[in-house]
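Novice: Have a look at this one before I ask anything.
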Amino acid sequence: MLQSSSSAHAQAMDFDFPNLPHRTLQLDNGVRAALLHDAEATRVALAVSVAAGSFHEPPAWPGLAHFLEHSLFLGSVAHPAIGGFADYVHGCGGRYNARTLGLQTLYYLEVPARELAPALLRLVDLLARPLLLEGRLHAEREVLEAEYRARCQDGGCQLLAAIAGQLQPAHPLARFHAGSRDTLDTQNPDLLAELRDWHARHYRGANLRLLVSGPQPLDELESQVRALAGLLPAGPRRAVEPWPQLWPAGQGTLELTLEQPQALRRMSLWLPRRLAPQHEDQLLALLRQALAQPAAGGLLGELRARGWAQQLEVEWQAGGAGEGLLGLRIALLEGGGGQEQAIAALCADWLRRFAEDSALTPAAAQWQASFGEQAWQEAELAPMERAGLWLERWQRHGGETWQPWPSAPSAPAQLARALAQAGPPRLIVQRARERVDGGEFTPWFPVRASAVALPGLPAVAAPRWQAPPGNPFLEPVAATTAASWPEGWVQDAAPALLRPGHAALLLAWQLPGAMDAGTRLLAELAEAVLAAQWQQALAGAAQLGHVWQPLPRPGQLRFCLSGPADALPAVLHALLAALRSGDAALWRAALQRRHAETAQQLLLRRLLAHPATQGRVPVDAADAVARLERWSDAELVQLLQDFIAGAPLHGRVFGGVPAGARAALDGLGRPVAGAPPAAAAPWRGGEQVQRLDLGGSEQAVLLRLLAPPAGAELEAAWRVLALLQQGAFYQSLRVEQGLGYALFSRFHAGADGAELQFGVQSPHANAARLQQALRAFIEADGAGLATLSVERLEPARRAALDALAGSGSRRERLQRACTDWLDGQGPRYRAEVGEALQRLDVASLQRAAAALGDAEWRWLVSG
């Protein structure tokens, strides 16, 4: 059971971690297992870590570990069908994923609690007895090739490849690990032999760690794990391989220039360091906390004051044996271009002082509060993500006994000293330019790059670095005079939605003309401004458990702010200050940065993130960009502030939000009672195609099947249809036709009603071919339901009921309560859908499938 503290402030706050009953086992086959009893959960999470990853693969076969991770899902002895594992997990309403890291490979899934035994048994069979059939491996290699091509367009992959070229060539971090058609010749019998041998050596016994989390008592979890995980093959832990030095001998400071026009406003620094694995997480968290301080005398504050940079991000590229690269990614301001060496000198000076002077580290109380809140945030993750995070950390840290986090954080000064570097500076200063004359293409993710040695960084007048200021949201809150919320704003005690001592406020600004292109742009701009404000000025609030959750919808500004109740007024004031500032330059930069970050995503994800997927009204992105460029700074300020001041403001209060929060809203909207009126376009039926210029050489298609206005009965049928279609969709388009490597199908419900969504991305098939395949699948799948049996319907019905109930986390329940209210769903609607699911029979589901052709077909095509 999760238990929490009762107050928001350091003086009265008890930062005890969540109380999560757990147990560690040592199985007879050598496998170590961690068990977690989560009494509030409705689902179980299973995660397995193999102590072997890309760094351990033979140099002759780059990508072998990643290829094996893919190949395990192509059938096992007990379940030989190619998509058998996916069919089972999706069919019971679950999720799964896998990741290949440098030093380990992770497999994790989440299923309803009743599926613990069958899910664990299938996972064990997948890991222990994969078929690894040659024909299937050849087809899967093409999936890796498609992933590799997509990564070739990714600026982050290009950057890391260029940096790897400056490291010791024999070090694993300097090698290519993604795998491609050229590195994995599936016609070569030596590859198949090496793949099977590598699996046999690493996927066994003491090389494996398992984490099982669920609502079952620990004794029941232990019984299942001993019976089923004990079927994994036994074997000793593989010896740790010695790595060569990461940094080439004699190499000092380098300037690395990449030809990346889309990344001109960014630079990065990379420093080799040795960090004990058990200190990595705490040190990175401490650095993020210290670097995020925008106040004068801090690094970020100084960079902003000089007009050089506006944002810092910390990254760690582990290289094994405690060695790795510490990275600072820096978002530049207009004046920062051309100042990369000076910025590097300032950052290096701050890091040196931070490591040497304990006065520059955050105060112990502030660090303790942040560390405790991080534990809470991890505990409240969805079960699968939480299990994967904790298992990866356990494998990386080592140790026989598992615990989610240390019993207490290390002292800040002790952590900071790990950054100290003996000898001359060693550093890579990376910058981006439109052209790199004389540079050479990097071999893996091609980008033209040039590296030159720097005799030293320029002398920069560094300030007298100051200790980070105290977290203002830890200070006692002055009492405020009583005030009332606007009449008609619902106040909900919400004990099931909030952590004890927390409260939440839901706000939605919506003009009557919400579907007008200019209004949509202003709402998106306001959301981007608040997002930037949250990231840059409210790090202290996030460290104490406050969460700002945008709820995007075209033409509306909607968000939920939650956290420790006493500090909510101060947090809300600081957040909304960005909308009162009138700084058009910062506003434009915030929106442009958001668009630039979206442009770096996988093409299919960019389609899903587009405003056109959030409603039924076509969205012209080019028109929005043109409007933004056409408005002067004065016009932009006036338009946005008129929007915020004049829009009806709808709100809902959860828990005891102090009355002082009311004052933060003065002048920002006209408070009105009730939820925002539905702004959905009328249902028209037929087909519409919208082409979106998203760039790139690949093609992606998103199909939205929009249901006609209806009630709970139709939604129940469509929820089950989505579950029945998932496995078949994957089998048809990816396995049988080989059309795409990124694809999904799902049910979605919102203010526009019920819809089915199908998406696919391909490196070789054009949009017309993808549309044809989607249309043929829906027609064939609908016809196939003519023989649907009660036995097949029943698990899909149970999975739909599970999905309707949700995972049970407080964060999910709060977000669901917000969206239900905003979308106009009555308090009984979800119960009505559940009742309809219980009544659903084969005949009514077949009728719903037959009617898919009469739905409104909305196509979004990239290009």
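As shown in the structure tokens, the chain order sets the letters A, B, ...; within each chain, residues go from 1, and ligands are also counted from 1 in the order they appear.
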So which residues touch Arg684 (chain A) within 9 Å, counting only C-alpha atoms, skipping near sequence neighbours fewer than 4 positions away, as a PyMOL selection string?
Specialist: chain A and resi 708+855-856
Novice: Residues of region 208-433 of chain A classed as alpha helix (DSSP H) by DSSP on the backbone are to be reported as a PyMOL selection string.
Specialist: chain A and resi 218-228+277-291+299-305+340-356+364-379+383-397+412-416
Novice: Within 9 Å of Gly740 (chain A), counting only C-alpha atoms, which residues qualify if same-chain residues fewer than 6 places away don't, as a PyMOL selection string?
Specialist: chain A and resi 143+146+700+733-734+760-765+770
Novice: Mind writing the picked residues with N, CA, C and O atoms as a compact mmCIF listing (two decimals), in the first residue's frame?
Specialist:
```txt
# COMPACT_ATOMS: atom_id res chain seq x y z
N VAL A 143 13.02 -5.30 -40.78
CA VAL A 143 12.46 -4.39 -39.80
C VAL A 143 13.57 -3.57 -39.14
O VAL A 143 13.45 -2.35 -38.96
N ALA A 146 14.68 -0.94 -41.51
CA ALA A 146 13.77 0.20 -41.54
C ALA A 146 13.99 1.11 -40.33
O ALA A 146 13.99 2.34 -40.45
N ALA A 700 3.95 7.76 -43.95
CA ALA A 700 3.12 7.28 -42.86
C ALA A 700 1.68 7.68 -43.12
O ALA A 700 1.41 8.73 -43.71
N LEU A 733 -0.11 -6.52 -41.79
CA LEU A 733 0.69 -5.47 -42.42
C LEU A 733 2.18 -5.63 -42.17
O LEU A 733 2.99 -5.33 -43.05
N ARG A 734 2.57 -6.11 -41.00
CA ARG A 734 4.00 -6.22 -40.74
C ARG A 734 4.55 -7.58 -41.10
O ARG A 734 5.56 -7.68 -41.80
N VAL A 760 0.43 3.36 -39.73
CA VAL A 760 1.55 2.56 -40.23
C VAL A 760 2.57 3.49 -40.87
O VAL A 760 2.21 4.47 -41.53
N GLN A 761 3.85 3.18 -40.67
CA GLN A 761 4.95 3.93 -41.27
C GLN A 761 5.82 2.96 -42.04
O GLN A 761 6.10 1.85 -41.57
N SER A 762 6.25 3.36 -43.22
CA SER A 762 7.03 2.46 -44.08
C SER A 762 8.18 3.20 -44.73
O SER A 762 8.02 4.35 -45.15
N PRO A 763 9.35 2.56 -44.88
CA PRO A 763 10.47 3.18 -45.57
C PRO A 763 10.43 2.99 -47.08
O PRO A 763 11.23 3.59 -47.79
N HIS A 764 9.51 2.14 -47.57
CA HIS A 764 9.54 1.84 -49.01
C HIS A 764 8.17 1.91 -49.69
O HIS A 764 8.09 2.16 -50.88
N ALA A 765 7.06 1.70 -48.96
CA ALA A 765 5.74 1.75 -49.58
C ALA A 765 5.21 3.18 -49.57
O ALA A 765 5.34 3.89 -48.57
N LEU A 770 -0.12 2.14 -48.71
CA LEU A 770 -0.48 1.98 -47.30
C LEU A 770 -1.98 2.16 -47.09
O LEU A 770 -2.61 1.41 -46.34
```
Novice: Identify which of the residues A:Gln166, A:Gln377, A:Val529, A:Leu454 lies closest to Ala345 (chain A), counting only C-alpha atoms when measuring atom-to-atom distances.
Specialist: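 Smallest distance to Ala345 (chain A) is found for A:Leu454.
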Novice: If you count only C-alpha atoms, which residues fall within 7 Å of region 440-445 of chain A, apart from same-chain ones fewer than 2 positions away, as a compact mmCIF listing (two decimals) with N, CA, C and O atoms, in the first residue's frame?
Specialist:
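What landed in selection35.txt:
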```
# COMPACT_ATOMS: atom_id res chain seq x y z
N ARG A 151 16.51 6.15 -38.03
CA ARG A 151 17.49 6.75 -37.12
C ARG A 151 18.51 7.59 -37.87
O ARG A 151 19.08 8.53 -37.30
N CYS A 152 18.76 7.26 -39.11
CA CYS A 152 19.71 8.04 -39.90
C CYS A 152 19.26 9.48 -40.07
O CYS A 152 20.09 10.37 -40.31
N CYS A 157 20.77 10.69 -32.95
CA CYS A 157 21.60 9.56 -33.38
C CYS A 157 22.83 10.05 -34.14
O CYS A 157 23.93 9.52 -33.97
N GLN A 158 22.65 11.04 -34.99
CA GLN A 158 23.79 11.59 -35.73
C GLN A 158 24.84 12.16 -34.77
O GLN A 158 26.04 11.95 -34.95
N ALA A 161 26.72 9.35 -32.91
CA ALA A 161 27.64 8.66 -33.81
C ALA A 161 28.90 9.49 -34.04
O ALA A 161 30.02 8.96 -34.09
N ALA A 162 28.73 10.81 -34.19
CA ALA A 162 29.90 11.67 -34.40
C ALA A 162 30.78 11.70 -33.16
O ALA A 162 32.01 11.70 -33.26
N PHE A 176 29.21 0.48 -33.59
CA PHE A 176 27.84 0.54 -34.12
C PHE A 176 27.05 -0.62 -33.54
O PHE A 176 27.46 -1.77 -33.61
N GLY A 438 34.87 20.50 -45.92
CA GLY A 438 36.01 19.64 -45.64
C GLY A 438 35.73 18.54 -44.64
O GLY A 438 36.61 17.74 -44.35
N VAL A 447 26.18 11.98 -41.26
CA VAL A 447 26.13 13.43 -41.14
C VAL A 447 27.56 13.92 -41.34
O VAL A 447 28.51 13.30 -40.88
N ARG A 448 27.71 15.00 -42.06
CA ARG A 448 29.05 15.53 -42.30
C ARG A 448 29.56 16.18 -41.01
O ARG A 448 28.87 17.00 -40.39
N ALA A 449 30.77 15.81 -40.60
CA ALA A 449 31.31 16.30 -39.34
C ALA A 449 32.79 16.59 -39.48
O ALA A 449 33.49 16.02 -40.31
N SER A 450 33.25 17.49 -38.62
CA SER A 450 34.67 17.85 -38.60
C SER A 450 35.09 18.04 -37.15
O SER A 450 34.37 18.67 -36.36
```
Novice: Write down as a compact mmCIF listing (two decimals) with all heavy atoms, in the first residue's frame the residues belonging to region 496-595 of chain A that are assigned strand (DSSP E or B) by DSSP computed on the backbone.
Specialist:
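Generated output (part.txt):
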```txt
# COMPACT_ATOMS: atom_id res chain seq x y z
N HIS A 502 -2.49 16.51 -0.99
CA HIS A 502 -2.43 17.12 -2.31
C HIS A 502 -3.81 17.63 -2.72
O HIS A 502 -4.83 17.23 -2.17
CB HIS A 502 -1.93 16.11 -3.34
CG HIS A 502 -0.46 15.89 -3.30
ND1 HIS A 502 0.30 15.62 -4.42
CD2 HIS A 502 0.43 15.90 -2.27
CE1 HIS A 502 1.57 15.47 -4.08
NE2 HIS A 502 1.67 15.63 -2.78
N ALA A 503 -3.82 18.50 -3.72
CA ALA A 503 -5.06 19.03 -4.31
C ALA A 503 -4.80 19.27 -5.78
O ALA A 503 -3.66 19.14 -6.26
CB ALA A 503 -5.49 20.31 -3.60
N ALA A 504 -5.84 19.60 -6.54
CA ALA A 504 -5.69 19.81 -7.97
C ALA A 504 -6.70 20.84 -8.45
O ALA A 504 -7.79 20.98 -7.88
CB ALA A 504 -5.87 18.50 -8.74
N LEU A 505 -6.32 21.54 -9.51
CA LEU A 505 -7.18 22.55 -10.11
C LEU A 505 -7.18 22.33 -11.62
O LEU A 505 -6.12 22.29 -12.25
CB LEU A 505 -6.65 23.95 -9.78
CG LEU A 505 -7.44 25.15 -10.31
CD1 LEU A 505 -8.85 25.17 -9.72
CD2 LEU A 505 -6.71 26.44 -9.98
N LEU A 506 -8.36 22.17 -12.18
CA LEU A 506 -8.54 21.98 -13.63
C LEU A 506 -9.06 23.28 -14.22
O LEU A 506 -10.07 23.83 -13.74
CB LEU A 506 -9.53 20.85 -13.89
CG LEU A 506 -10.01 20.66 -15.34
CD1 LEU A 506 -8.85 20.32 -16.26
CD2 LEU A 506 -11.08 19.57 -15.40
N LEU A 507 -8.39 23.80 -15.25
CA LEU A 507 -8.77 25.06 -15.87
C LEU A 507 -8.86 24.87 -17.38
O LEU A 507 -8.05 24.15 -17.99
CB LEU A 507 -7.74 26.15 -15.57
CG LEU A 507 -7.56 26.52 -14.09
CD1 LEU A 507 -6.38 27.47 -13.91
CD2 LEU A 507 -8.82 27.15 -13.53
N ALA A 508 -9.87 25.53 -17.99
CA ALA A 508 -10.05 25.44 -19.45
C ALA A 508 -10.56 26.77 -19.96
O ALA A 508 -11.63 27.24 -19.55
CB ALA A 508 -11.04 24.32 -19.78
N TRP A 509 -9.77 27.40 -20.84
CA TRP A 509 -10.18 28.62 -21.54
C TRP A 509 -10.67 28.22 -22.93
O TRP A 509 -9.96 27.53 -23.67
CB TRP A 509 -9.01 29.57 -21.71
CG TRP A 509 -8.55 30.28 -20.48
CD1 TRP A 509 -8.86 31.55 -20.10
CD2 TRP A 509 -7.64 29.79 -19.49
NE1 TRP A 509 -8.21 31.88 -18.93
CE2 TRP A 509 -7.45 30.81 -18.52
CE3 TRP A 509 -6.97 28.58 -19.29
CZ2 TRP A 509 -6.62 30.67 -17.42
CZ3 TRP A 509 -6.16 28.43 -18.19
CH2 TRP A 509 -5.99 29.46 -17.26
N GLN A 510 -11.87 28.67 -23.31
CA GLN A 510 -12.40 28.31 -24.63
C GLN A 510 -13.27 29.44 -25.16
O GLN A 510 -14.26 29.83 -24.54
CB GLN A 510 -13.24 27.04 -24.56
CG GLN A 510 -13.86 26.67 -25.91
CD GLN A 510 -14.68 25.41 -25.85
OE1 GLN A 510 -14.39 24.52 -25.06
NE2 GLN A 510 -15.72 25.32 -26.66
N VAL A 547 2.55 18.79 -10.40
CA VAL A 547 2.50 18.29 -11.77
C VAL A 547 1.61 19.22 -12.59
O VAL A 547 0.48 19.52 -12.19
CB VAL A 547 1.92 16.85 -11.82
CG1 VAL A 547 1.78 16.38 -13.27
CG2 VAL A 547 2.82 15.90 -11.04
N TRP A 548 2.15 19.68 -13.70
CA TRP A 548 1.36 20.44 -14.68
C TRP A 548 1.08 19.51 -15.86
O TRP A 548 2.01 19.05 -16.51
CB TRP A 548 2.11 21.69 -15.15
CG TRP A 548 1.37 22.44 -16.21
CD1 TRP A 548 0.24 23.19 -16.07
CD2 TRP A 548 1.71 22.52 -17.61
NE1 TRP A 548 -0.15 23.73 -17.28
CE2 TRP A 548 0.74 23.33 -18.24
CE3 TRP A 548 2.73 21.97 -18.39
CZ2 TRP A 548 0.76 23.62 -19.61
CZ3 TRP A 548 2.75 22.25 -19.74
CH2 TRP A 548 1.78 23.07 -20.35
N GLN A 549 -0.19 19.21 -16.10
CA GLN A 549 -0.57 18.26 -17.13
C GLN A 549 -1.43 18.95 -18.18
O GLN A 549 -2.61 19.23 -17.96
CB GLN A 549 -1.37 17.10 -16.51
CG GLN A 549 -1.89 16.08 -17.51
CD GLN A 549 -0.78 15.36 -18.23
OE1 GLN A 549 0.10 14.80 -17.59
NE2 GLN A 549 -0.80 15.38 -19.56
N PRO A 550 -0.87 19.28 -19.36
CA PRO A 550 -1.71 19.87 -20.42
C PRO A 550 -2.69 18.82 -20.95
O PRO A 550 -2.39 17.64 -21.00
CB PRO A 550 -0.70 20.29 -21.48
CG PRO A 550 0.48 19.39 -21.26
CD PRO A 550 0.52 19.09 -19.79
N ARG A 553 -6.35 20.35 -26.84
CA ARG A 553 -7.48 20.30 -27.76
C ARG A 553 -7.45 21.57 -28.58
O ARG A 553 -7.30 22.67 -28.03
CB ARG A 553 -8.80 20.17 -27.03
CG ARG A 553 -9.97 19.97 -27.99
CD ARG A 553 -11.16 19.33 -27.29
NE ARG A 553 -12.22 19.07 -28.23
CZ ARG A 553 -12.28 18.02 -29.03
NH1 ARG A 553 -11.30 17.12 -28.99
NH2 ARG A 553 -13.28 17.85 -29.86
N GLN A 556 -8.50 25.45 -27.57
CA GLN A 556 -8.71 25.57 -26.13
C GLN A 556 -7.35 25.51 -25.42
O GLN A 556 -6.43 24.84 -25.90
CB GLN A 556 -9.59 24.44 -25.61
CG GLN A 556 -10.98 24.37 -26.22
CD GLN A 556 -11.79 23.22 -25.66
OE1 GLN A 556 -11.63 22.83 -24.52
NE2 GLN A 556 -12.67 22.67 -26.48
N LEU A 557 -7.27 26.20 -24.31
CA LEU A 557 -6.13 26.06 -23.41
C LEU A 557 -6.64 25.35 -22.17
O LEU A 557 -7.49 25.88 -21.44
CB LEU A 557 -5.56 27.44 -23.04
CG LEU A 557 -4.47 27.44 -21.96
CD1 LEU A 557 -3.25 26.65 -22.42
CD2 LEU A 557 -4.08 28.86 -21.59
N ARG A 558 -6.17 24.13 -21.94
CA ARG A 558 -6.69 23.31 -20.86
C ARG A 558 -5.51 22.65 -20.14
O ARG A 558 -4.60 22.15 -20.76
CB ARG A 558 -7.62 22.21 -21.38
CG ARG A 558 -8.57 22.66 -22.46
CD ARG A 558 -9.59 21.65 -22.89
NE ARG A 558 -9.07 20.31 -23.11
CZ ARG A 558 -9.84 19.26 -23.44
NH1 ARG A 558 -11.13 19.41 -23.59
NH2 ARG A 558 -9.31 18.07 -23.64
N PHE A 559 -5.57 22.67 -18.81
CA PHE A 559 -4.54 21.95 -18.06
C PHE A 559 -5.05 21.67 -16.66
O PHE A 559 -6.00 22.28 -16.16
CB PHE A 559 -3.22 22.74 -18.01
CG PHE A 559 -3.27 24.04 -17.25
CD1 PHE A 559 -3.18 24.09 -15.86
CD2 PHE A 559 -3.38 25.25 -17.93
CE1 PHE A 559 -3.21 25.28 -15.17
CE2 PHE A 559 -3.42 26.45 -17.25
CZ PHE A 559 -3.33 26.47 -15.86
N CYS A 560 -4.36 20.70 -16.02
CA CYS A 560 -4.62 20.36 -14.62
C CYS A 560 -3.33 20.57 -13.86
O CYS A 560 -2.28 20.05 -14.25
CB CYS A 560 -5.11 18.92 -14.48
SG CYS A 560 -5.41 18.41 -12.77
N LEU A 561 -3.39 21.34 -12.78
CA LEU A 561 -2.24 21.57 -11.91
C LEU A 561 -2.53 20.89 -10.58
O LEU A 561 -3.55 21.16 -9.94
CB LEU A 561 -2.03 23.07 -11.69
CG LEU A 561 -0.85 23.46 -10.79
CD1 LEU A 561 0.47 23.06 -11.42
CD2 LEU A 561 -0.87 24.96 -10.49
N SER A 562 -1.63 20.01 -10.16
CA SER A 562 -1.84 19.27 -8.92
C SER A 562 -0.56 19.25 -8.11
O SER A 562 0.53 19.49 -8.63
CB SER A 562 -2.29 17.84 -9.23
OG SER A 562 -1.29 17.14 -9.95
N GLY A 563 -0.69 18.95 -6.81
CA GLY A 563 0.47 18.85 -5.96
C GLY A 563 0.14 19.18 -4.52
O GLY A 563 -1.04 19.31 -4.15
N PRO A 564 1.17 19.33 -3.66
CA PRO A 564 0.93 19.70 -2.26
C PRO A 564 0.05 20.93 -2.16
O PRO A 564 0.35 21.98 -2.74
CB PRO A 564 2.34 19.96 -1.73
CG PRO A 564 3.22 19.09 -2.59
CD PRO A 564 2.60 19.13 -3.95
```
Novice: With only C-alpha atoms as the counted atoms, please give the residues lying no more than 12 Å from region 213-215 of chain A, apart from itself and same-chain residues fewer than 6 positions off, as a PyMOL selection string.
Specialist: chain A and resi 1+20-23+33-48+108-117+120+221-222+224-225+379+382-388+390-391+404+807-808
Novice: Which one is closest to His279 (chain A): A:Arg196, A:His397, A:Arg304, A:Arg266? Count only C-alpha atoms.
Specialist: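 Using only C-alpha atoms, the shortest distance to His279 (chain A) belongs to A:His397.
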Novice: I'd like the contact shell of region 703-707 of chain A - 6 Å cut-off, only C-alpha atoms, skipping same-chain residues fewer than 4 positions apart - returned as a PyMOL selection string.
Specialist: chain A and resi 754-758+855-859
Novice: Atoms to include: C-alpha atoms. Write the selected residues as a short mmCIF file (atom, residue, chain, number, x, y, z; two decimals), in the first residue's frame.
Specialist:
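So selection31.cif came out as:
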```cif
data_model
loop_
_atom_site.label_atom_id
_atom_site.label_comp_id
_atom_site.auth_asym_id
_atom_site.auth_seq_id
_atom_site.Cartn_x
_atom_site.Cartn_y
_atom_site.Cartn_z
CA ALA A 754 -15.69 6.88 -30.33
CA GLU A 755 -13.11 6.14 -33.00
CA LEU A 756 -10.80 3.41 -34.18
CA GLN A 757 -7.30 4.45 -35.20
CA PHE A 758 -4.85 2.61 -37.45
CA ALA A 855 -18.25 5.39 -40.47
CA GLU A 856 -16.53 8.66 -41.25
CA TRP A 857 -13.12 7.77 -42.69
CA ARG A 858 -10.56 10.47 -42.02
CA TRP A 859 -7.11 9.91 -43.53
#
```
Novice: Near region 173-175 of chain A, counting only C-alpha atoms, which residues have an atom at most 7 Å away, once you skip same-chain residues fewer than 4 positions from it, shown as a PyMOL selection string?
Specialist: chain A and resi 164-165+167-169+319
Novice: So, counting only C-alpha atoms, which residue among A:Ile82, A:Val77, A:Ala178, A:Leu283 is closest to Thr100 (chain A)?
Specialist: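 Checking each of A:Ile82, A:Val77, A:Ala178, A:Leu283 against Thr100 (chain A), counting only C-alpha atoms, the winner is A:Ala178.
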